[in-house]
Every structure is written in structure tokens, then in C-alpha cells.
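J.: Structure in C-alpha cells, see below.
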Protein chains: 4
Amino acid sequence: MKAARKASGLPICTEIMSADKIERFVEDVDLIQVGARNMQNFELLKELGKTHKPILLKRGLSATIEEWIMSAEYIMAGGNENVILCERGIRTFEHYTRNTLDLSAIPAVKKLSHLPVVVDPSHAAGLWWMVEPLAKAAVAVGADGLLIEVHNNPECALCDGAQSLRPERFARLMGELKGIARIVGRDM
Amino acid sequence: MKAARKASGLPICTEIMSADKIERFVEDVDLIQVGARNMQNFELLKELGKTHKPILLKRGLSATIEEWIMSAEYIMAGGNENVILCERGIRTFEHYTRNTLDLSAIPAVKKLSHLPVVVDPSHAAGLWWMVEPLAKAAVAVGADGLLIEVHNNPECALCDGAQSLRPERFARLMGELKGIARIVGRDM
Amino acid sequence: MKAARKASGLPICTEIMSADKIERFVEDVDLIQVGARNMQNFELLKELGKTHKPILLKRGLSATIEEWIMSAEYIMAGGNENVILCERGIRTFEHYTRNTLDLSAIPAVKKLSHLPVVVDPSHAAGLWWMVEPLAKAAVAVGADGLLIEVHNNPECALCDGAQSLRPERFARLMGELKGIARIVGRDM
Amino acid sequence: MKAARKASGLPICTEIMSADKIERFVEDVDLIQVGARNMQNFELLKELGKTHKPILLKRGLSATIEEWIMSAEYIMAGGNENVILCERGIRTFEHYTRNTLDLSAIPAVKKLSHLPVVVDPSHAAGLWWMVEPLAKAAVAVGADGLLIEVHNNPECALCDGAQSLRPERFARLMGELKGIARIVGRDM
């Protein structure tokens, strides 16, 4: 990872799934992700609170908005206030999409906390052709950022190909997102 | 209702909850609403299929996208193809909002059917301050229209005051919605 | 139906889906069923309140226990207090079973109301091999009765064959249910 | 804990929430619990697979039956086959009970795996007066065991008092459970 960061100049984000892995990785990454399945892994949250890296905290599959913010409090209580919340869909009876993206959570988080909140439309829907409309909706509803999967050749992706955009669609989408951001009073 | 329509020049939309009420009202209304609780009242749907009025079919609280489109088919099978679908939130474990607005349902409906689909952010959230961001998200995701509750004096409204916008906020919102509609290639 | 009742000596239970059908059927049936999809068809409930037939009110797929009892109140407000509640499963994210049978609803109903409550394990699970254990659990939890589908030849049933028991299994099950009923202080 | 085990002669069950805590506790406990919020803490599961203590694996709040069994496979893949599954309620729209106890999961687990499965009616409902009927239902549906909270003086309990039974009720309940177990062909 260190070599890749140096060679590409790109920042590195990695998911850490266990408190005892933090020490080994913390210096080499720029952003640490807590996955949805670990949102209430309180031991991990407490250890991350002692680091100074920004934490991307994904919402659990059946976590209420309140529980999600509580999990962020576990990290902040340790002294690390760099927490970014990430809405990535909740589990409901609807199975056309993999999960149900809960965009109402964005204004709710804005009301209940000062934390930035981003949206991951790729994992929520699991369908590449939904990523574009959901990304636009996420910006319109007030999200502070987006996580979008892009791949040169989605058919050959090692994983998540079905939810990845090609680079040319992504470029066009970015133009539209900028226009919506301007209308809702944001500069992205 | 007839007098109100004549005096105001406004079209009238009313909810009909039972097949035997259709005959009495059908001539005096411009749009017939089927409420979420009647989305699978098949007797009502079949009778509405014999009329020639446009039908606004709200999604049931726990109806899948597929079941919702099936209910539209019940109406269309009788010969009335003027069906408008309306997403108004589904029931999930999240209770911060009254219901969870499922905006992924809009691109799904567009893929699965040719029917127009509108969004009701007022009933979904039940919170007036969520209506504006959700309305913008609905236009951005591709909705064909919106149902927004407006009241001159929400504190004194006979019902649904907590989810109603004041006229001045509504006017400002309309300006922003037009901008978003243009970006996503729609003229509203 | 009249002929079948006379020939067989069996009581007849039928589902009525619309208020305007009540008059035609009310004299010929012994029990009127309100299906899950009509639990909040308030026009139908109000009309059934004017009859004197027992009403079997199935719980809606996403109805809370409170809403279900409220629907019973609609019927009783008209003067018909012969309402039997029927738990038949609710819609959740779990899809191994068709619906999730909510047996906690039985003691809840007993606490909140005086109405009898029965359980339909056949429709809830949709799997014949689950009917027996769920029926026993329903009696153990305090249900006042059961709805169990039986068919001489489930493979050839016109509908619901996959959830029907053969008569010989049903007979054996009845013996076990009687034993459990005695232990929990009930005579069935 | 060691002292308490020695003094009382009672076996000790404790929840371990992080892989790096296993070493410190593993020798002093008789059963290790994995809580619902850690059901998909895969690092923890893998480390528990290397121990030889029995593991009580609680079902996650929104975990499907299939995912729950998969989590058990993570433990067993490491060589530890002493896994006991524990159903403790899932998250649904119903809020009368804290969670919805999914008793259909018991026959499902029996069909899909060879693992023993127990039921925790105290945590599921969160209401002491529901513990008795739900415990009876759990035995009737085929559970291999129960987790029941008992307290000499529930009003003064440090936690979970509202869901705890008094010892005299527990003793009476045990008698009834034995009767039901006998009927369904089990000796408890």
C-alpha cells in the first residue's frame, strides 16, 4: 500500500476490521473505513478514537440514525473528532435494490449533529444504472460527498463490477453533480 | 366540491376509498387518488379501471415495487391507462422519519414500466423541514412530479400542519427545483 | 356455497373484499374473513360493523399491533363485537419464510384487548414442514385457535399446496396440540 | 470471575467483544458469547475458531438466517465446532416489543444445519410478562435451550430488570416447559 501510495500520488483508504490491526496500518493510510458490519464493534471504535486519522463510519444495515451518531460518539469520546458518516442503504423488505438508500438520513444527520455525511449509491443499490440518479439525488438532498465505484472495464472487475461506472459516464456525471451542487448552495 | 372547483378554477383531486363511491364522485373530480392503505383493494382498482379519470396510485406502506406496478395493472386491465404512481415512503425500523422515502423506486419504476411516477415528500417524512431537501432529491432522481403540502398558516392547519410549507418557502423551492430539472434534462 | 354448506354440514367462511358484496353473501356464510390487504379498508370495516356475523380480521403485512386493534375497533364501533383477530405473519427483511410469524403479538393482544386471537401458520411460513412446529408454538404462546390448511393430495392442490398438511399428519398434530393446550391451562 | 466460579460452582459465560481479549479470558470461562452487534465481526469469529471453548453466537438484529449460519461457519472453519446459535429477535417496524422474536428461525436452522439453537425471550421482547409465553413457544417450536433472566428483586436490578423473572415464577415455568418438551419428544 505504501508503494502504491507513493507511485500513484493517490490517498489510500482502507477498512480496518479489528482493533489489533490499527497499529500496523495507521501510518500508511489517509482515511480509515469502518464497515457497516462493524458499526457497533465498540472495541474497534474506542481504539480508533485514540488515532488522529479521519474515520469513515458506514451506517449499519439496520442501524437507526440515532445509533449511528452514537457510534460516532464512541470514536470522538477518545479524542478523534475527524469522523465522516456514510449512508449506504438499510435493510428493508424491498429486494429490487440490494438495500434501500435512506436519503432522509442526510437532513436528519445535519439536524442532529455537526458531522459531515457522505452517500455511497454504488453499494446501496448494487446496480450500476441506479448510481447516476441516486448520486444526483444525494447531492440535491445535501450530502457532503459521494463514494462512487469506477472501473475501466466493469465486466472484468475482481469484485463489484455490477455496480461500477465506466470513466466516461463518471466524467459526465461529475458535470451534472456540479450544477446541482451550485443550485443547492454548495461548491464541490 | 363542484362549487369549489367552479369558484376557484382549480382542479379537484379526491381519494375514493370504496368501489361503490366511484359513481357518485367520478364526474366532479379531475384526479382520483387511491391511498396507500387501499393499494391492494382489488375491487376498488377494478372499478376504477372502468372510469376514464386519471388515477393517482399511492404505494402501500409495505408494498414492493413489483406489487405496486401489479396494482396499476389491475386498473389498466379494465381499460383505463391513465395511472400515475406515487412514492410516499415505506415502513422500516427507522422511526426518526414517519416513513422511509424510497427514492431508488423512481429509477426502478422507470425501468420496469412506462408509467409516470411522482413523489410525496410531505407525507413520507412528516417533517416540514425535510420537505425541501427531499423534493430536490426527488427531481434529481428523475421523478415526474411532486405532491407538496402548502398552508398559509401551518400552526392552525386542520391536519398535517407539521409537514406543510409556507407559500413563500414553496415559491423559493420551485425556483431551485426548476434549476435541477433543467440539469437532469427535464422541463417542469 | 349454500348447497355446499347444506350437503356437507360444514360451516362456510369466505373472504369479502368490498363493502358492496356484503349484502349478497352475508346470509349464506358463517364467518366473514377480512384479508391482510384489506385490514385498513375502512369502508369495508364500517359496513361489516352493521352485520351480525363473526369477522376474522387478518393482520396487515406491515400493520402494527396497535393499528390491527384499531381496525377491529372500526368494526365494533358499528355494533358488531364478534371480531376474531388472526396473526398471519409480517413483512421483514427475512426471506427464508414467506412472512415472519410474530408470535409475540399474541400475548400483546391479550394484554391490550379482550378479543380472541388465532394464528395462521400455513400462510405465514408458506412451507408445509414449518406448519407443525409453528402450530405447537402458537398454542404454547396462548393463541385461541389455529387456521391450518389440509389437503388430501397437496401436490395436486389448486392453490397453496406447498403449505398444506396431509390428513394423517394433521390428526397426529391435533393430539400433540391438545397436550400442550392442557399444560398452558387451555381446553381446545 | 475465577473466584466467582470457584466459590459458586456455577459455570461462567462471558461476552468477548474483540479478538485481542480472547487470550486473557479464554481459560477462565466455560462459554464465550458473541453478541448480536458482533455477529459479523469476522476477525473475532476467526480467532474464536482457534479456541476450544463453546461459542454462543447471537443472531444479528438484521441478519438473515443464512448469514447467521455463515457466521457460524467462520468459527467452525478454524476448527472449533462447538457453536450454539441463539435467536434473540430481529428488527422490524413493530415497536410494541423491543425486537420481533423470529421463532420460524428454529425449524429453519434445524433444516439447514446440524447446530443446536437456543432462544432468548428476555432480550427479544424486553418485557418480563412476555418471557413465559415466549419460552413455552420456543420449546414447542423445537429450540434446544433457553436463556432466561432471573433476578431476586427485578426492581433493583443493575440492568435488564424490566425483562427479568422472579425465582418463584421461573420455578413454575420450568415445570410447564418440561411438560411441553415431553410432548414434542424432547427431554430437557
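By convention here, the chains of the C-alpha cells are called A, B, ... in the order presented, each chain's residues are numbered starting at 1, and ligands are numbered starting at 1 in the order presented.
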For chain A against chain C, which residues fall within 8 Å using only C-alpha atoms, given as a PyMOL selection string?

T.: chain A and resi 91-94

J.: Residues at most 12 Å from segment 153-164 of chain B, counting only C-alpha atoms, excluding those fewer than 6 positions away in the same chain, as a ChimeraX atom specification?

T.: /B:97-98,120-132,147,170

J.: Please return, as JSON, numbers by chain, all residues of segment 2-178 of chain C that DSSP assigns to strand (DSSP E or B) on the basis of the backbone.

T.: {"C": [13, 14, 15, 31, 32, 33, 34, 55, 56, 57, 58, 83, 84, 85, 86, 87, 90, 100, 117, 118, 119, 145, 146, 150, 165]}

J.: Keeping only C-alpha atoms, write those residues as a short mmCIF file (atom, residue, chain, number, x, y, z; two decimals), in the first residue's frame.

T.:
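Output file result.cif follows:
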data_model
loop_
_atom_site.label_atom_id
_atom_site.label_comp_id
_atom_site.auth_asym_id
_atom_site.auth_seq_id
_atom_site.Cartn_x
_atom_site.Cartn_y
_atom_site.Cartn_z
CA CYS C 13 -66.04 -18.98 5.85
CA THR C 14 -65.49 -16.59 2.96
CA GLU C 15 -63.42 -13.50 2.33
CA LEU C 31 -67.79 -16.35 9.27
CA ILE C 32 -66.57 -13.43 7.17
CA GLN C 33 -62.83 -13.04 6.61
CA VAL C 34 -61.13 -9.69 6.08
CA ILE C 55 -65.48 -11.39 11.48
CA LEU C 56 -61.99 -12.90 11.14
CA LEU C 57 -59.66 -9.89 10.83
CA LYS C 58 -56.25 -10.80 9.44
CA VAL C 83 -64.29 -9.93 15.95
CA ILE C 84 -61.54 -12.55 15.91
CA LEU C 85 -58.00 -11.35 15.22
CA CYS C 86 -55.71 -13.52 13.09
CA GLU C 87 -51.89 -13.27 13.10
CA ILE C 90 -45.48 -9.68 8.89
CA THR C 100 -42.23 -13.68 9.72
CA VAL C 117 -56.75 -14.15 18.56
CA VAL C 118 -55.88 -17.06 16.29
CA VAL C 119 -52.77 -17.94 14.30
CA GLY C 145 -57.22 -21.08 17.77
CA LEU C 146 -55.42 -22.05 14.59
CA VAL C 150 -55.15 -29.57 4.97
CA LEU C 165 -50.68 -30.83 5.53
#

J.: Using only C-alpha atoms, determine which residues lie at most 6 Å from Leu45 of chain A, disregarding the query and same-chain residues fewer than 3 positions distant; provide the list as a list in words.

T.: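 The filter keeps Phe42, Leu48, Tyr74 and Ile75 of chain A.
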